[in-house]
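These notes concern the structure reproduced below.
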Amino acid sequence: MEDLEQLDELLTCRLELGRKAVEPCTIVIFGASGDLTARKLIPAFYHLYREKQLPSPFRIIGFARREKTVEGWRQELRAALDQFSRTKPVDDAVWAEFAANVSYCQGDITDAGSYKKLANQLAAFDNERLRRNLLFYLATSPSQFGQVVEHLHHTGLLQKEDGAAREQRLVVEKPFGHDLSTAQQLNAELTRFAREQQIFRIDHYLGKETVQNILMFRFSNSIFEQLWNRQSVDHVQITVSEKLGVGSRGGYYEEAGALRDMVQNHLLQVLALVAMEPPVSLEAESIRDEKVKLLKSIRPMQPGQIAANVVRGQYTAGEIDGQPRPAYRHEPKVKPDSTVETYVAMRLLIDNWRWSNIPFYLRTGKNLPLSASEVRVQFRRTPHVLFALQCGSRLDANAITLRLQPNEGISLRFNGKVPGNSVEIRPVRMHFSYDSEFGAYTPEAYERLLLEAVSGDATLFIRRDEVETAWSIVDPIREVWGDRPLSGKEFYPAGTWGPVAADELLAQRGHAWRHPQPVT
Ligand SMILES: NC(=O)c1ccc[n+]([C@@H]2O[C@H](COP(=O)([O-])OP(=O)(O)OC[C@H]3O[C@@H](n4cnc5c(N)ncnc54)[C@H](OP(=O)(O)O)[C@@H]3O)[C@@H](O)[C@H]2O)c1
């Protein structure tokens with residue numbers, strides 16, 4: 001056993017050895033008194049520091065309107081860390097060392113004078129790299145991004161010139177627009193004063209270990225890669241299900257809906273990783289080129305084709321784990337006759353050589369029986385020769401499930417003989433679990449993403465053309481739905497797997513949803 005482990009260790013290929021060393025860097029967080037900073041950003045930076053992954057030296061400057069002293073802000077962050085840290089208790093000594101690098105700049109995003117103040121704070125650092133290697137994290141409303149970059153530019157803190165690209169970077173938070181035209185407008189505002197290479201659009205989903213593993217799994221295992229095409233695959237199901245309803249986020253959700261909130265970003269990102277062609281290298285641009293190429297190969301739907309290929313749903317009252325759940329229309333801040341979708345299922349076809357005519361089914365919804373994200377690749381059946389007579393369609397086809405969360409892992413489903421004197425065949429499952437193989441290692445997605453942004457690697461961030469292509473896929477669907485009332489088949493009780501119309505969508509081609517199963 002020990003020998004085997006040593007062999008595995010020898011065969012471990014550390015791709016990160018080629019990664020650029022992180023250089024001394026100052027991170028400026030706009031929106032530093034907000035929820036995201038306290039809940040995600042500072043806990044992530046603290047853990048990176050604890051694991052000695054931040055550059056030395058580094059500085060963090062928080063920028064927000066509220067009056068605070070540096071010491072007051074540090075205390076607030078410490079209290080938030082006690083609450084939100086993934087490791088507890090917080091290590092006092094590590095925190096003290098970390099916090100010594102954190103300071104505050106009170107200012108207003110709309111006020112040019114505030115940026116001068118920020119520039120003065122930066123100029124006071126004695127390390128040249130801390131003054132020039134700058135990461136601006138825009139944790140504010142997207143409507144303020146344009147102003148921030150303009151002021152940073154006029155203050156000389158953000159330069160667009162070629163050589164500056166690696167020196168100053170902008171990290172921007174979702175949402176990247178509300179539709180194609182607002183996304184284009186936002187991108188135009190950002191690129192007035194920064195090159196595309198300086199912009200890091202963050203989608204925390206891409207920071208998840210298992211999402212990154214999709215590429216490693218596909219391209220480092222020849223047995224699977226050879227099956228990853230229309231000759232072997234019957235169809236693919238991508239499910240992102242949530243057990244929670246919209247709860248207190250009704251106001252936001254009324255503007256968004258499941259299509260904008262989940263499909264435009266998370267589901268299309270996962271689809272791109274599952275279906276893209278091998279990139280020519282592991283460079284960020286090569287990977288992103290292939291993702292965009294895949295998104296562009298998705299067959300566009302004419303308005304008349306949308307009803308046959310896309311299903312929306314909205315939850316009515318129901319029950320989950322014995323607890324009653326209200327109907328969406330009875331949630332706070334939701335219109336009593338709202339037509340906003342809390343569920344979407346769609347069939348997409350990818351017009352390229354590899355996937356011609358293979359359906360990709362995507363679905364997501366709220367108030368479903370289980371929270372899970374998974375990709376199920378359903379293979380074709382064997383020819384009906386040996387077992388057809390007795391088993392018929394009961395003989396299940398093989399499937400690989402990539403479980404993204406929870407209980408991250410990979411399952412392979414195949415048929416085996418039931419032991420005994422009778423001849424019975426039934427599906428069995430081989431399961432690889434991350435936790436059992438590697439131990440429970442669950443860094444927050446933000447840790448990985450922040451580290452990549454600090455080191456200037458854009459692989460896990462979304463490029464402008466990815467965002468805009470994704471909007472051009474979902475916008476026509478939104479337009480057709482408009483304010484059209486929902487039909488009876490589009491409602492589903494909370495605690496079920498979605499509306500009847502979603503089952504019918506798959507039944508059209510003889511398919512059926514395979515729901516995520518709890519892994520014990
Ligand atoms: N929270 C999350 O988990 C999460 C997740 C994904 C994406 N996001 C996105 O991240 C961004 C920030 O979210 P959040 O939840 O942290 O928002 P938030 O709690 O409302 O915080 C907004 C921040 O912006 C600052 N701000 C607003 N106007 C300002 C101005 N004129 N000048 C200077 N500072 C100003 C506020 O500072 P003062 O209050 O001191 O003025 C506050 O620090 C949003 O775009 C959101 O959509 C958030």
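Every chain in the structure tokens takes a letter, A first, then B, and so on in the order presented; its residues are numbered from 1, and the ligands are numbered from 1 following the presented order.
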List all protein, DNA and RNA residues that have at least one atom no more than 7 Å from any atom of ligand 1, counting only C-alpha atoms and all ligand atoms, and write them as a PDB file with N, CA, C and O atoms, in the first residue's frame.
ATOM      1  N   PHE A  30     -12.439  48.357  -3.781  1.00  0.00           N
ATOM      2  CA  PHE A  30     -13.506  49.372  -3.795  1.00  0.00           C
ATOM      3  C   PHE A  30     -14.780  48.687  -3.311  1.00  0.00           C
ATOM      4  O   PHE A  30     -15.169  47.641  -3.845  1.00  0.00           O
ATOM      5  N   GLY A  31     -15.442  49.288  -2.316  1.00  0.00           N
ATOM      6  CA  GLY A  31     -16.615  48.621  -1.721  1.00  0.00           C
ATOM      7  C   GLY A  31     -16.196  47.831  -0.496  1.00  0.00           C
ATOM      8  O   GLY A  31     -16.762  46.798  -0.166  1.00  0.00           O
ATOM      9  N   ALA A  32     -15.167  48.374   0.194  1.00  0.00           N
ATOM     10  CA  ALA A  32     -14.532  47.617   1.265  1.00  0.00           C
ATOM     11  C   ALA A  32     -15.388  47.487   2.519  1.00  0.00           C
ATOM     12  O   ALA A  32     -15.077  46.682   3.393  1.00  0.00           O
ATOM     13  N   SER A  33     -16.454  48.295   2.627  1.00  0.00           N
ATOM     14  CA  SER A  33     -17.286  48.160   3.821  1.00  0.00           C
ATOM     15  C   SER A  33     -18.489  47.264   3.538  1.00  0.00           C
ATOM     16  O   SER A  33     -19.385  47.134   4.353  1.00  0.00           O
ATOM     17  N   GLY A  34     -18.501  46.617   2.353  1.00  0.00           N
ATOM     18  CA  GLY A  34     -19.676  45.835   1.948  1.00  0.00           C
ATOM     19  C   GLY A  34     -19.613  44.379   2.381  1.00  0.00           C
ATOM     20  O   GLY A  34     -18.623  43.898   2.948  1.00  0.00           O
ATOM     21  N   ASP A  35     -20.692  43.703   2.035  1.00  0.00           N
ATOM     22  CA  ASP A  35     -20.894  42.309   2.422  1.00  0.00           C
ATOM     23  C   ASP A  35     -19.844  41.377   1.793  1.00  0.00           C
ATOM     24  O   ASP A  35     -19.284  40.501   2.462  1.00  0.00           O
ATOM     25  N   LEU A  36     -19.563  41.574   0.510  1.00  0.00           N
ATOM     26  CA  LEU A  36     -18.642  40.669  -0.186  1.00  0.00           C
ATOM     27  C   LEU A  36     -17.246  40.700   0.445  1.00  0.00           C
ATOM     28  O   LEU A  36     -16.603  39.669   0.624  1.00  0.00           O
ATOM     29  N   THR A  37     -16.793  41.897   0.784  1.00  0.00           N
ATOM     30  CA  THR A  37     -15.453  42.041   1.360  1.00  0.00           C
ATOM     31  C   THR A  37     -15.356  41.274   2.683  1.00  0.00           C
ATOM     32  O   THR A  37     -14.399  40.543   2.923  1.00  0.00           O
ATOM     33  N   ARG A  39     -17.408  38.889   3.877  1.00  0.00           N
ATOM     34  CA  ARG A  39     -17.798  37.484   3.872  1.00  0.00           C
ATOM     35  C   ARG A  39     -16.861  36.618   3.046  1.00  0.00           C
ATOM     36  O   ARG A  39     -16.606  35.472   3.395  1.00  0.00           O
ATOM     37  N   LYS A  40     -16.343  37.177   1.957  1.00  0.00           N
ATOM     38  CA  LYS A  40     -15.550  36.344   1.035  1.00  0.00           C
ATOM     39  C   LYS A  40     -14.103  36.800   0.871  1.00  0.00           C
ATOM     40  O   LYS A  40     -13.190  35.999   0.922  1.00  0.00           O
ATOM     41  N   PHE A  63     -11.324  50.731   0.228  1.00  0.00           N
ATOM     42  CA  PHE A  63     -11.813  52.051  -0.175  1.00  0.00           C
ATOM     43  C   PHE A  63     -13.337  52.026  -0.079  1.00  0.00           C
ATOM     44  O   PHE A  63     -13.988  51.163  -0.665  1.00  0.00           O
ATOM     45  N   ALA A  64     -13.924  52.917   0.717  1.00  0.00           N
ATOM     46  CA  ALA A  64     -15.395  53.017   0.799  1.00  0.00           C
ATOM     47  C   ALA A  64     -15.743  54.383   1.397  1.00  0.00           C
ATOM     48  O   ALA A  64     -14.854  55.113   1.857  1.00  0.00           O
ATOM     49  N   ARG A  65     -17.041  54.684   1.354  1.00  0.00           N
ATOM     50  CA  ARG A  65     -17.474  56.022   1.787  1.00  0.00           C
ATOM     51  C   ARG A  65     -17.454  56.213   3.289  1.00  0.00           C
ATOM     52  O   ARG A  65     -17.213  57.291   3.797  1.00  0.00           O
ATOM     53  N   ARG A  66     -17.794  55.130   4.019  1.00  0.00           N
ATOM     54  CA  ARG A  66     -17.971  55.296   5.469  1.00  0.00           C
ATOM     55  C   ARG A  66     -16.676  55.720   6.156  1.00  0.00           C
ATOM     56  O   ARG A  66     -15.605  55.228   5.796  1.00  0.00           O
ATOM     57  N   GLY A 107     -13.274  57.319   1.074  1.00  0.00           N
ATOM     58  CA  GLY A 107     -13.424  58.148  -0.119  1.00  0.00           C
ATOM     59  C   GLY A 107     -14.694  57.823  -0.851  1.00  0.00           C
ATOM     60  O   GLY A 107     -15.337  56.800  -0.591  1.00  0.00           O
ATOM     61  N   ASP A 108     -15.038  58.730  -1.777  1.00  0.00           N
ATOM     62  CA  ASP A 108     -16.249  58.528  -2.572  1.00  0.00           C
ATOM     63  C   ASP A 108     -15.833  58.247  -4.010  1.00  0.00           C
ATOM     64  O   ASP A 108     -15.005  58.982  -4.580  1.00  0.00           O
ATOM     65  N   ILE A 109     -16.440  57.230  -4.580  1.00  0.00           N
ATOM     66  CA  ILE A 109     -16.106  56.815  -5.946  1.00  0.00           C
ATOM     67  C   ILE A 109     -16.312  57.946  -6.952  1.00  0.00           C
ATOM     68  O   ILE A 109     -15.629  58.028  -7.972  1.00  0.00           O
ATOM     69  N   THR A 110     -17.238  58.853  -6.638  1.00  0.00           N
ATOM     70  CA  THR A 110     -17.557  59.927  -7.587  1.00  0.00           C
ATOM     71  C   THR A 110     -16.625  61.134  -7.457  1.00  0.00           C
ATOM     72  O   THR A 110     -16.717  62.072  -8.239  1.00  0.00           O
ATOM     73  N   ALA A 139     -15.635  45.736  -5.883  1.00  0.00           N
ATOM     74  CA  ALA A 139     -16.743  45.070  -5.182  1.00  0.00           C
ATOM     75  C   ALA A 139     -17.847  46.092  -4.921  1.00  0.00           C
ATOM     76  O   ALA A 139     -18.276  46.291  -3.785  1.00  0.00           O
ATOM     77  N   THR A 140     -18.248  46.762  -5.991  1.00  0.00           N
ATOM     78  CA  THR A 140     -19.318  47.764  -5.881  1.00  0.00           C
ATOM     79  C   THR A 140     -20.350  47.455  -6.952  1.00  0.00           C
ATOM     80  O   THR A 140     -20.217  46.478  -7.674  1.00  0.00           O
ATOM     81  N   SER A 141     -21.343  48.313  -7.064  1.00  0.00           N
ATOM     82  CA  SER A 141     -22.346  48.078  -8.093  1.00  0.00           C
ATOM     83  C   SER A 141     -21.702  48.271  -9.478  1.00  0.00           C
ATOM     84  O   SER A 141     -20.914  49.201  -9.682  1.00  0.00           O
ATOM     85  N   PRO A 142     -22.052  47.417 -10.453  1.00  0.00           N
ATOM     86  CA  PRO A 142     -21.468  47.556 -11.800  1.00  0.00           C
ATOM     87  C   PRO A 142     -21.718  48.946 -12.400  1.00  0.00           C
ATOM     88  O   PRO A 142     -20.924  49.405 -13.219  1.00  0.00           O
ATOM     89  N   GLU A 173     -16.875  42.055 -10.485  1.00  0.00           N
ATOM     90  CA  GLU A 173     -17.827  41.067  -9.982  1.00  0.00           C
ATOM     91  C   GLU A 173     -19.038  40.992 -10.888  1.00  0.00           C
ATOM     92  O   GLU A 173     -19.389  41.950 -11.554  1.00  0.00           O
ATOM     93  N   LYS A 174     -19.695  39.844 -10.868  1.00  0.00           N
ATOM     94  CA  LYS A 174     -20.994  39.675 -11.539  1.00  0.00           C
ATOM     95  C   LYS A 174     -21.991  40.668 -10.956  1.00  0.00           C
ATOM     96  O   LYS A 174     -21.819  41.057  -9.812  1.00  0.00           O
ATOM     97  N   PRO A 175     -23.083  40.989 -11.593  1.00  0.00           N
ATOM     98  CA  PRO A 175     -23.439  40.535 -12.931  1.00  0.00           C
ATOM     99  C   PRO A 175     -22.749  41.357 -14.021  1.00  0.00           C
ATOM    100  O   PRO A 175     -22.556  42.555 -13.862  1.00  0.00           O
TER     101      PRO A 175
END
Do you know which residues are at most 6 Å from Ile238 (chain A) counting only C-alpha atoms, after dropping those on the same chain fewer than 2 positions away, and could you put them as a list in words?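 Listed by chain and then number, they are Leu362, Glu374 and Val375 of chain A.
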Saved selection, atoms kept: N, CA and C atoms, as a tab-separated table (two decimals), in the first residue's frame:
chain	number	residue	atom	x	y	z
A	362	LEU	N	-29.75	21.16	-20.35
A	362	LEU	CA	-29.30	21.95	-19.19
A	362	LEU	C	-30.53	22.23	-18.34
A	374	GLU	N	-24.24	18.65	-11.21
A	374	GLU	CA	-23.55	17.52	-11.84
A	374	GLU	C	-23.73	17.49	-13.35
A	375	VAL	N	-22.78	16.80	-13.96
A	375	VAL	CA	-22.81	16.61	-15.41
A	375	VAL	C	-22.92	15.12	-15.63
Pick out the closest residue to Tyr205 (chain A) from this set: A:Thr401, A:Asn265, A:Gln302, A:Ser422. Count only C-alpha atoms.
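Checking each candidate against Tyr205 (chain A), we get A:Asn265 as the closest.
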Write out as an mmCIF file with C-alpha atoms, in the first residue's frame which residues come within 10 Å of Leu227 (chain A) when counting only C-alpha atoms, dropping same-chain ones fewer than 6 positions away.
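Listing of part-v9.cif after writing:
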data_model
loop_
_atom_site.group_PDB
_atom_site.id
_atom_site.type_symbol
_atom_site.label_atom_id
_atom_site.label_comp_id
_atom_site.auth_asym_id
_atom_site.auth_seq_id
_atom_site.Cartn_x
_atom_site.Cartn_y
_atom_site.Cartn_z
ATOM 1 C CA ARG A 218 -11.061 15.035 -20.013
ATOM 2 C CA VAL A 233 -22.328 9.714 -26.384
ATOM 3 C CA PHE A 379 -23.439 6.819 -23.499
#
As number ranges by chain, please: every residue in region 217-379 of chain A that DSSP puts in strand (DSSP E).
A: 233-241, 310-316, 318-320, 323-325, 343-349, 359-365, 372-379
Nearest to Thr182 (chain A), restricted to only C-alpha atoms and choosing among A:Gln159, A:Ser143, A:Gln198, A:Ser232, comes out as A:Ser143
With a cut-off of 12 Å, could you pull out the residues of region 209-241 of chain A touching region 455-473 of chain A and give me the nearest pair of atoms for each, distance in Å to one decimal, using only C-alpha atoms, ordered by chain and ascending number, as a Markdown table?
| residue | atom | partner | partner_atom | distance |
| --- | --- | --- | --- | --- |
| A:Glu209 | CA | A:Leu460 | CA | 11.1 |
| A:Val211 | CA | A:Leu460 | CA | 10.0 |
| A:Gln212 | CA | A:Leu460 | CA | 8.4 |
| A:Leu215 | CA | A:Leu460 | CA | 11.8 |
Can you write just those residues out, all heavy atoms, as a PDB file, in the first residue's frame?
ATOM      1  N   GLU A 209     -12.777  23.599  -7.347  1.00  0.00           N
ATOM      2  CA  GLU A 209     -11.840  22.530  -7.675  1.00  0.00           C
ATOM      3  C   GLU A 209     -12.412  21.583  -8.744  1.00  0.00           C
ATOM      4  O   GLU A 209     -11.764  21.243  -9.726  1.00  0.00           O
ATOM      5  CB  GLU A 209     -11.606  21.780  -6.369  1.00  0.00           C
ATOM      6  CG  GLU A 209     -10.358  21.007  -6.229  1.00  0.00           C
ATOM      7  CD  GLU A 209      -9.090  21.832  -6.297  1.00  0.00           C
ATOM      8  OE1 GLU A 209      -8.963  22.896  -5.652  1.00  0.00           O
ATOM      9  OE2 GLU A 209      -8.212  21.379  -7.016  1.00  0.00           O
ATOM     10  N   VAL A 211     -14.816  22.018 -10.903  1.00  0.00           N
ATOM     11  CA  VAL A 211     -15.056  22.604 -12.220  1.00  0.00           C
ATOM     12  C   VAL A 211     -13.739  22.608 -12.995  1.00  0.00           C
ATOM     13  O   VAL A 211     -13.672  22.248 -14.170  1.00  0.00           O
ATOM     14  CB  VAL A 211     -15.674  24.014 -12.086  1.00  0.00           C
ATOM     15  CG1 VAL A 211     -15.787  24.686 -13.440  1.00  0.00           C
ATOM     16  CG2 VAL A 211     -17.042  23.934 -11.415  1.00  0.00           C
ATOM     17  N   GLN A 212     -12.658  22.962 -12.280  1.00  0.00           N
ATOM     18  CA  GLN A 212     -11.347  22.930 -12.941  1.00  0.00           C
ATOM     19  C   GLN A 212     -10.969  21.504 -13.335  1.00  0.00           C
ATOM     20  O   GLN A 212     -10.299  21.256 -14.324  1.00  0.00           O
ATOM     21  CB  GLN A 212     -10.280  23.477 -12.006  1.00  0.00           C
ATOM     22  CG  GLN A 212     -10.452  24.933 -11.712  1.00  0.00           C
ATOM     23  CD  GLN A 212      -9.685  25.327 -10.470  1.00  0.00           C
ATOM     24  OE1 GLN A 212      -8.618  24.818 -10.194  1.00  0.00           O
ATOM     25  NE2 GLN A 212     -10.249  26.229  -9.708  1.00  0.00           N
ATOM     26  N   LEU A 215     -11.485  19.778 -17.016  1.00  0.00           N
ATOM     27  CA  LEU A 215     -10.467  19.798 -18.070  1.00  0.00           C
ATOM     28  C   LEU A 215      -9.403  18.721 -17.839  1.00  0.00           C
ATOM     29  O   LEU A 215      -8.999  18.028 -18.763  1.00  0.00           O
ATOM     30  CB  LEU A 215      -9.775  21.162 -18.124  1.00  0.00           C
ATOM     31  CG  LEU A 215     -10.569  22.320 -18.704  1.00  0.00           C
ATOM     32  CD1 LEU A 215      -9.652  23.518 -18.882  1.00  0.00           C
ATOM     33  CD2 LEU A 215     -11.175  21.933 -20.039  1.00  0.00           C
TER      34      LEU A 215
END
Practice item. Return as a ChimeraX atom specification the full set of residues in region 120-268 of chain A whose backbone-based DSSP assignment is helix (DSSP H, G or I). Key: /A:120-123,128-132,142-154,162-166,180-193,196-198,204-207,209-219,222-225,247-268
Restricting to only C-alpha atoms, whichever of A:Phe224, A:Phe45, A:Gly177, A:His204 is closest to Ala399 (chain A) is A:Phe224
TODO: Using only C-alpha atoms, determine which residues lie at most 8 Å from Val344 (chain A), disregarding the query and same-chain residues fewer than 4 positions distant; provide the list as a ChimeraX atom specification.
DONE: /A:258-259,310-313,362-365
Output C-alpha atoms of each residue in that selection to a file, as a short mmCIF file (atom, residue, chain, number, x, y, z; two decimals), in the first residue's frame.
data_model
loop_
_atom_site.label_atom_id
_atom_site.label_comp_id
_atom_site.auth_asym_id
_atom_site.auth_seq_id
_atom_site.Cartn_x
_atom_site.Cartn_y
_atom_site.Cartn_z
CA ALA A 258 -33.10 31.63 -13.44
CA LEU A 259 -32.04 32.21 -17.05
CA VAL A 310 -36.70 25.62 -23.76
CA VAL A 311 -38.95 25.16 -20.74
CA ARG A 312 -39.43 27.64 -17.96
CA GLY A 313 -41.04 26.88 -14.64
CA LEU A 362 -29.30 21.95 -19.19
CA ARG A 363 -31.55 22.55 -16.20
CA THR A 364 -31.52 24.61 -13.06
CA GLY A 365 -34.15 25.47 -10.52
#
Each residue of region 290-391 of chain A with at least one atom at most 10 Å from region 484-498 of chain A should appear once, together with its nearest atom pair and the corresponding distance in Å (one decimal); atoms considered: only C-alpha atoms; ordering: chain, then increasing residue number; output as a tab-separated table.
residue	atom	partner	partner_atom	distance
A:Val311	CA	A:Glu490	CA	7.5
A:Arg312	CA	A:Glu490	CA	6.2
A:Gly313	CA	A:Glu490	CA	4.5
A:Gln314	CA	A:Phe491	CA	4.9
A:Tyr315	CA	A:Tyr492	CA	4.9
A:Thr316	CA	A:Pro493	CA	4.7
A:Ala317	CA	A:Pro493	CA	5.6
A:Gly318	CA	A:Ala494	CA	4.3
A:Glu319	CA	A:Gly495	CA	5.5
A:Ile320	CA	A:Gly495	CA	5.0
A:Asp321	CA	A:Gly495	CA	8.2
A:Gly322	CA	A:Gly495	CA	9.6
A:Gln323	CA	A:Gly495	CA	9.7
A:Pro324	CA	A:Ala494	CA	8.6
A:Arg325	CA	A:Ala494	CA	6.4
A:Pro326	CA	A:Ala494	CA	7.9
A:Ala327	CA	A:Ala494	CA	7.5
A:Tyr328	CA	A:Ala494	CA	9.0
A:Asp337	CA	A:Pro485	CA	8.7
A:Ser338	CA	A:Pro485	CA	8.6
A:Thr339	CA	A:Pro485	CA	6.1
A:Val340	CA	A:Leu486	CA	9.0
A:Glu341	CA	A:Leu486	CA	9.1
A:Thr342	CA	A:Gly498	CA	9.5
A:Tyr343	CA	A:Gly498	CA	7.0
A:Val344	CA	A:Gly498	CA	8.7
A:Ala345	CA	A:Gly498	CA	8.9
A:Arg363	CA	A:Gly498	CA	9.3
A:Thr364	CA	A:Gly498	CA	9.0
A:Gly365	CA	A:Gly498	CA	7.3
A:Lys366	CA	A:Ala494	CA	8.0
A:Asn367	CA	A:Ala494	CA	5.0
A:Leu368	CA	A:Gly495	CA	4.9
A:Pro369	CA	A:Gly495	CA	4.7
A:Leu370	CA	A:Gly495	CA	8.3
